[in-house]
Every structure is written in C-alpha cells, then in structure tokens.
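The structure under discussion appears below in the form of structure tokens.
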Amino acid sequence: MNAQNHYNQQDQQLVEMVLKGDAQAFARIIKNTERLVAQVVFKMIRNTEDRKDIAQDVYLKAYKNLSGFRFEAKLSTWIAQIAYNTCLGWLEKKKLILSGDLESFHAIPDDTIIKNKNTPAIIAASIERLSPVFKTLITLYHQEEMSYAEIVGITGLPEGSVKSYLFRARKSLKDDLLRHYKKEEL
Amino acid sequence: MNTAHLSDEEIQLFVANLSAASSSATDHLAVCTHCSEQVALYRSLFKAIAEQEIPVFDVDMSALVLAQLPVYKEKKSLWVPVIFIICCFAGAVLYIFRQNFLMILSGSSLVFLLAGLAGFIAVVAIRINALYKKFRYNCNLIY
C-alpha cells in the first residue's frame with residue numbers, strides 16, 4: 001500500500017467518525033493539519049489575534065462542509081485550501097492585497113537585515129517583506145516540500161503562475177541576501 | 001562550451017532539481033566561478049528557507065474549535081409518548097361516550113366496526129410514519 005492510499009484511508013476513517021458525531025475525531029483532524037494551517041495563516045496574516053480567529057473560522061468551515069469532502073485530494077490539502085481562501089477573503093475585505101505589487105509587501109528597512117548576521121535570520125526578514133501570496137508559496141514549496149500540483153490545489157493558481165511566482169520570490173530573496181553580503185564586505 | 005552566464009532561472013532549476021538541469025548548464029558551472037557562486041548563494045537560500053522556524057498557534061486550537069462546534073442534543077423519539085397520549089385520549093373518549101358508542105354499534109354490522117378500527121389504526125400508522133421521517137430528517141441535518 002503506498003503512502004497516498006494510506007493517507008486517504010486514514011482521512012476517510014476520520015471523516016466518517018466525525019460525520020457519525022465523534023468530536024474527538026475532529027480534534028485529531030485539527031492536530032494533523034494544524035501545522036499546515038498555521039503555515040498558511042501565519043504567512044498570509046500579520047496580526048496575532050486575527051490569525052487565531054481566522055484559524056478557528058477555517059476549522060469551523062471545514063467541519064460544516066466535511067460531508068461534502070470527496071477525497072479527491074488529501075484532507076490536509078483541502079483544509080489548507082480553506083485556510084488560503086479564508087485568508088485571501090480576509091485580506092481582500094481589509095484591502096490589504098496590493099494588486100500588481102506582489103513582491104514588495106511590507107516596508108521593512110534594510111537595517112533589519114544588516115543587523116542579523118546569520119543567513120536564516122536574514123532570510124526570515126526578507127521573507128517578511130514578500131507579499132502574502134509569495135510568502136505562502138515559498139513556505140509550501142520549500143518548507144512543507146509540497147509538489148506544484150498540491151500547491152495548485154491549495155491556492156487555485158495555475159501551475160505556470162505558481163512556478164513564475166516562486167521564481168520571482170526566490171530571486172527577490174537571493175537579491176536581498178546578496179545585498180546583505182555586499183554590505184557586510186564594505 | 002557555452003560561455004554566456006546562466007540565467008537566474010537556469011540556476012534555480014539547477015539547484016532545485018539537479019536532474020532537470022541541462023548538460024550544457026552543468027558543463028558551464030564546472031568552469032564558471034560567477035555562476036558557481038550564484039549556485040552556492042541559492043543553495044544557502046534554499047537551506048535557510050527550509051530551516052525557518054515553523055509557526056505554531058499559542059492556543060490549544062482543537063479545544064477552541066471543539067468548544068464552538070454546534071451542539072446537537074440527541075433528539076428523543078417522540079412517537080412512543082405520542083401514541084401513548086393518543087391511546088389515552090381514545091380510551092377516555094370511548095369510556096366517556098361508551099353509551100353513545102354502544103347505541104351506534106348496536107345498530108351497525110361488524111364490518112362497520114372493523115372499518116372504524118382499521119381507519120383508526122391507519123391514522124396512527126400514518127402519524128408514526130410522519131414522525132419517523134421527521135426524526136430522520138433532523139438526524140441528517142446535524143451533519
């Protein structure tokens with residue numbers, strides 16, 4: 001039995017248990033998917049309180065629509081999709097998405113980068129400067145090691161856009177890193 | 001050998017997936033210090049991204065969510081008490097109006113009596129069926 005089938009079987013069992021009224025099964029679903037939901041929500045939303053509210057909203061939506069889940073994707077991917085769309089809706093509502101300027105989202109001064117000596121810290125600051133969508137894509141691909149197909153499933157973006165956005169995001173991060181190294185040399 | 005530097009896209013592709021890189025790119029990297037430095041930079045970038053701290057919610061998310069899930073009280077079947085009430089009511093009516101019923105029935109045939117009884121049973125059965133359907137519908141609404 002391959003890993004995909006195993007996941008699907010486990011998902012199916014948990015969903016059936018929830019639909020029969022087992023709330024603890026839903027608690028297990030939350031535990032299993034919390035990391036991915038946190039990755040999406042933390043990358044998309046800045047405010048801590050909003051993050052909590054949105055995450056709860058995500059799971060309540062998942063619970064409400066669980067009977068409609070058709071096992072065409074992994075349960076975690078489906079819930080991450082709900083998380084992504086909920087965050088996107090929230091950002092749109094707050095008018096926080098800057099259309100046409102996906103790369104530079106938050107104006108974080110370069111000093112933040114220069115003061116940090118180690119590369120992960122520099123990258124963390126640079127990632128923060130990316131747009132929510134770019135941050136999420138970078139995280140899903142590099143940290144969660146998701147395939148393009150899975151990322152497409154979560155974001156609903158065409159595969160070409162995912163690849164292009166990832167390329168631009170990496171280039172932007174590399175340029176930041178290069179700038180930092182050059183400044184350090186001076 | 002290709003002497004032009006590799007594009008950013010080619011370097012990213014090389015770092016992300018060595019097997020997908022073209023042989024000309026590999027050959028070029030073997031001799032070009034500039035592109036090799038770019039590869040090293042991307043490698044450290046990819047490594048740093050992968051090493052980023054994994055965010056966690058500082059609350060027990062499952063407890064928070066479970067507390068908000070709609071509570072559905074188990075709906076007790078109503079048909080037993082309903083039938084009991086109907087029987088009591090019918091019994092009371094029969095008892096109170098027993099003289100009248102006896103008068104009516106004394107002049108009628110057994111067929112009339114049985115027809116009345118069958119009608120009563122049919123009404124009760126239809127009512128039970130309707131209650132059962134409503135009960136099933138309510139169960140389905142929960143999830």
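All residue names refer to the structure tokens as shown: chains lettered A, B, ... in order, residues numbered from 1 in each chain, ligands numbered from 1 in order.
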Closest atom pairs, range 24-127 of chain B residues within 9 Å of range 17-41 of chain A, only C-alpha atoms, as JSON lines:
```
{"residue": "B:Ile54", "atom": "CA", "partner": "A:Gln39", "partner_atom": "CA", "distance": 7.2}
{"residue": "B:Pro55", "atom": "CA", "partner": "A:Ala38", "partner_atom": "CA", "distance": 6.1}
{"residue": "B:Val56", "atom": "CA", "partner": "A:Ala38", "partner_atom": "CA", "distance": 6.1}
{"residue": "B:Phe57", "atom": "CA", "partner": "A:Ala38", "partner_atom": "CA", "distance": 6.8}
{"residue": "B:Met61", "atom": "CA", "partner": "A:Ile30", "partner_atom": "CA", "distance": 7.4}
{"residue": "B:Ser62", "atom": "CA", "partner": "A:Ala27", "partner_atom": "CA", "distance": 5.2}
{"residue": "B:Ala63", "atom": "CA", "partner": "A:Ala27", "partner_atom": "CA", "distance": 7.7}
{"residue": "B:Val65", "atom": "CA", "partner": "A:Ala27", "partner_atom": "CA", "distance": 8.3}
{"residue": "B:Leu66", "atom": "CA", "partner": "A:Ala23", "partner_atom": "CA", "distance": 7.1}
{"residue": "B:Leu69", "atom": "CA", "partner": "A:Ala23", "partner_atom": "CA", "distance": 8.6}
```
Give as a ChimeraX atom specification every residue of chain B that touches chain A within 12 Å, counting only C-alpha atoms. /B:7-13,15-16,37-74,139-143
Quick one: write out the picked residues with C-alpha atoms as a short mmCIF file (atom, residue, chain, number, x, y, z; two decimals), in the first residue's frame?
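To be explicit, this is the file written out as selection-v5.cif:
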```cif
data_model
loop_
_atom_site.label_atom_id
_atom_site.label_comp_id
_atom_site.auth_asym_id
_atom_site.auth_seq_id
_atom_site.Cartn_x
_atom_site.Cartn_y
_atom_site.Cartn_z
CA SER B 7 20.20 32.82 -16.32
CA ASP B 8 18.71 33.07 -12.85
CA GLU B 9 16.02 30.63 -13.90
CA GLU B 10 18.57 28.06 -15.05
CA ILE B 11 20.49 28.39 -11.81
CA GLN B 12 17.32 27.97 -9.74
CA LEU B 13 16.41 24.92 -11.79
CA VAL B 15 19.76 23.98 -7.53
CA ALA B 16 16.16 22.82 -7.13
CA GLU B 37 28.83 31.48 -6.69
CA GLN B 38 25.22 32.06 -7.71
CA VAL B 39 24.54 28.35 -7.24
CA ALA B 40 26.13 28.48 -3.79
CA LEU B 41 24.03 31.52 -2.94
CA TYR B 42 20.82 29.80 -4.00
CA ARG B 43 21.82 26.67 -2.09
CA SER B 44 22.29 28.66 1.09
CA LEU B 45 19.00 30.41 0.38
CA PHE B 46 17.07 27.14 -0.06
CA LYS B 47 18.68 25.73 3.07
CA ALA B 48 17.83 28.86 5.05
CA ILE B 49 14.20 28.78 3.89
CA ALA B 50 13.88 25.12 4.87
CA GLU B 51 15.34 25.94 8.29
CA GLN B 52 12.86 28.71 9.01
CA GLU B 53 11.01 28.35 12.29
CA ILE B 54 7.70 26.51 11.95
CA PRO B 55 4.91 28.72 13.31
CA VAL B 56 2.58 27.34 15.95
CA PHE B 57 -0.58 28.74 17.46
CA ASP B 58 -0.08 29.70 21.09
CA VAL B 59 -3.52 28.32 21.97
CA ASP B 60 -5.00 24.86 22.02
CA MET B 61 -6.68 25.13 18.66
CA SER B 62 -8.61 21.87 18.90
CA ALA B 63 -10.07 22.84 22.30
CA LEU B 64 -11.03 26.27 20.96
CA VAL B 65 -12.70 24.84 17.89
CA LEU B 66 -14.44 21.94 19.64
CA ALA B 67 -15.96 24.41 22.10
CA GLN B 68 -17.55 26.22 19.17
CA LEU B 69 -18.87 23.25 17.25
CA PRO B 70 -22.65 23.27 17.07
CA VAL B 71 -24.11 21.26 19.91
CA TYR B 72 -26.78 18.89 18.82
CA LYS B 73 -28.82 17.45 21.63
CA GLU B 74 -29.79 13.92 20.96
CA CYS B 139 -30.64 13.48 12.14
CA ASN B 140 -29.38 14.27 8.64
CA LEU B 141 -29.43 17.98 9.32
CA ILE B 142 -26.93 17.57 12.10
CA TYR B 143 -24.08 16.75 9.72
#
```
Env of Trp79 in chain B: 10 Å cut, atoms = only C-alpha atoms, seq-sep filter 4 positions within chain, self excluded. Answer as a list in words.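 Using only C-alpha atoms, the neighbours found are Ile83, Phe84, Ile85, Val124, Arg127, Ile128, Asn129, Ala130, Leu131, Tyr132 and Phe135 of chain B.
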Quick one: pick out all alpha helix (DSSP H) residues within chain B from a backbone DSSP run and write them as a VMD selection string. chain B and resid 8 to 16 23 to 31 33 to 50 61 to 68 79 to 96 98 to 106 110 to 142
Extract, using only C-alpha atoms, all DNA, RNA and protein residues at most 12 Å from Glu150 in chain A, discarding same-chain residues fewer than 5 positions from it, and format them as a PyMOL selection string. chain A and resi 72-78+80-81+137+140-141+144-145+155-159+162
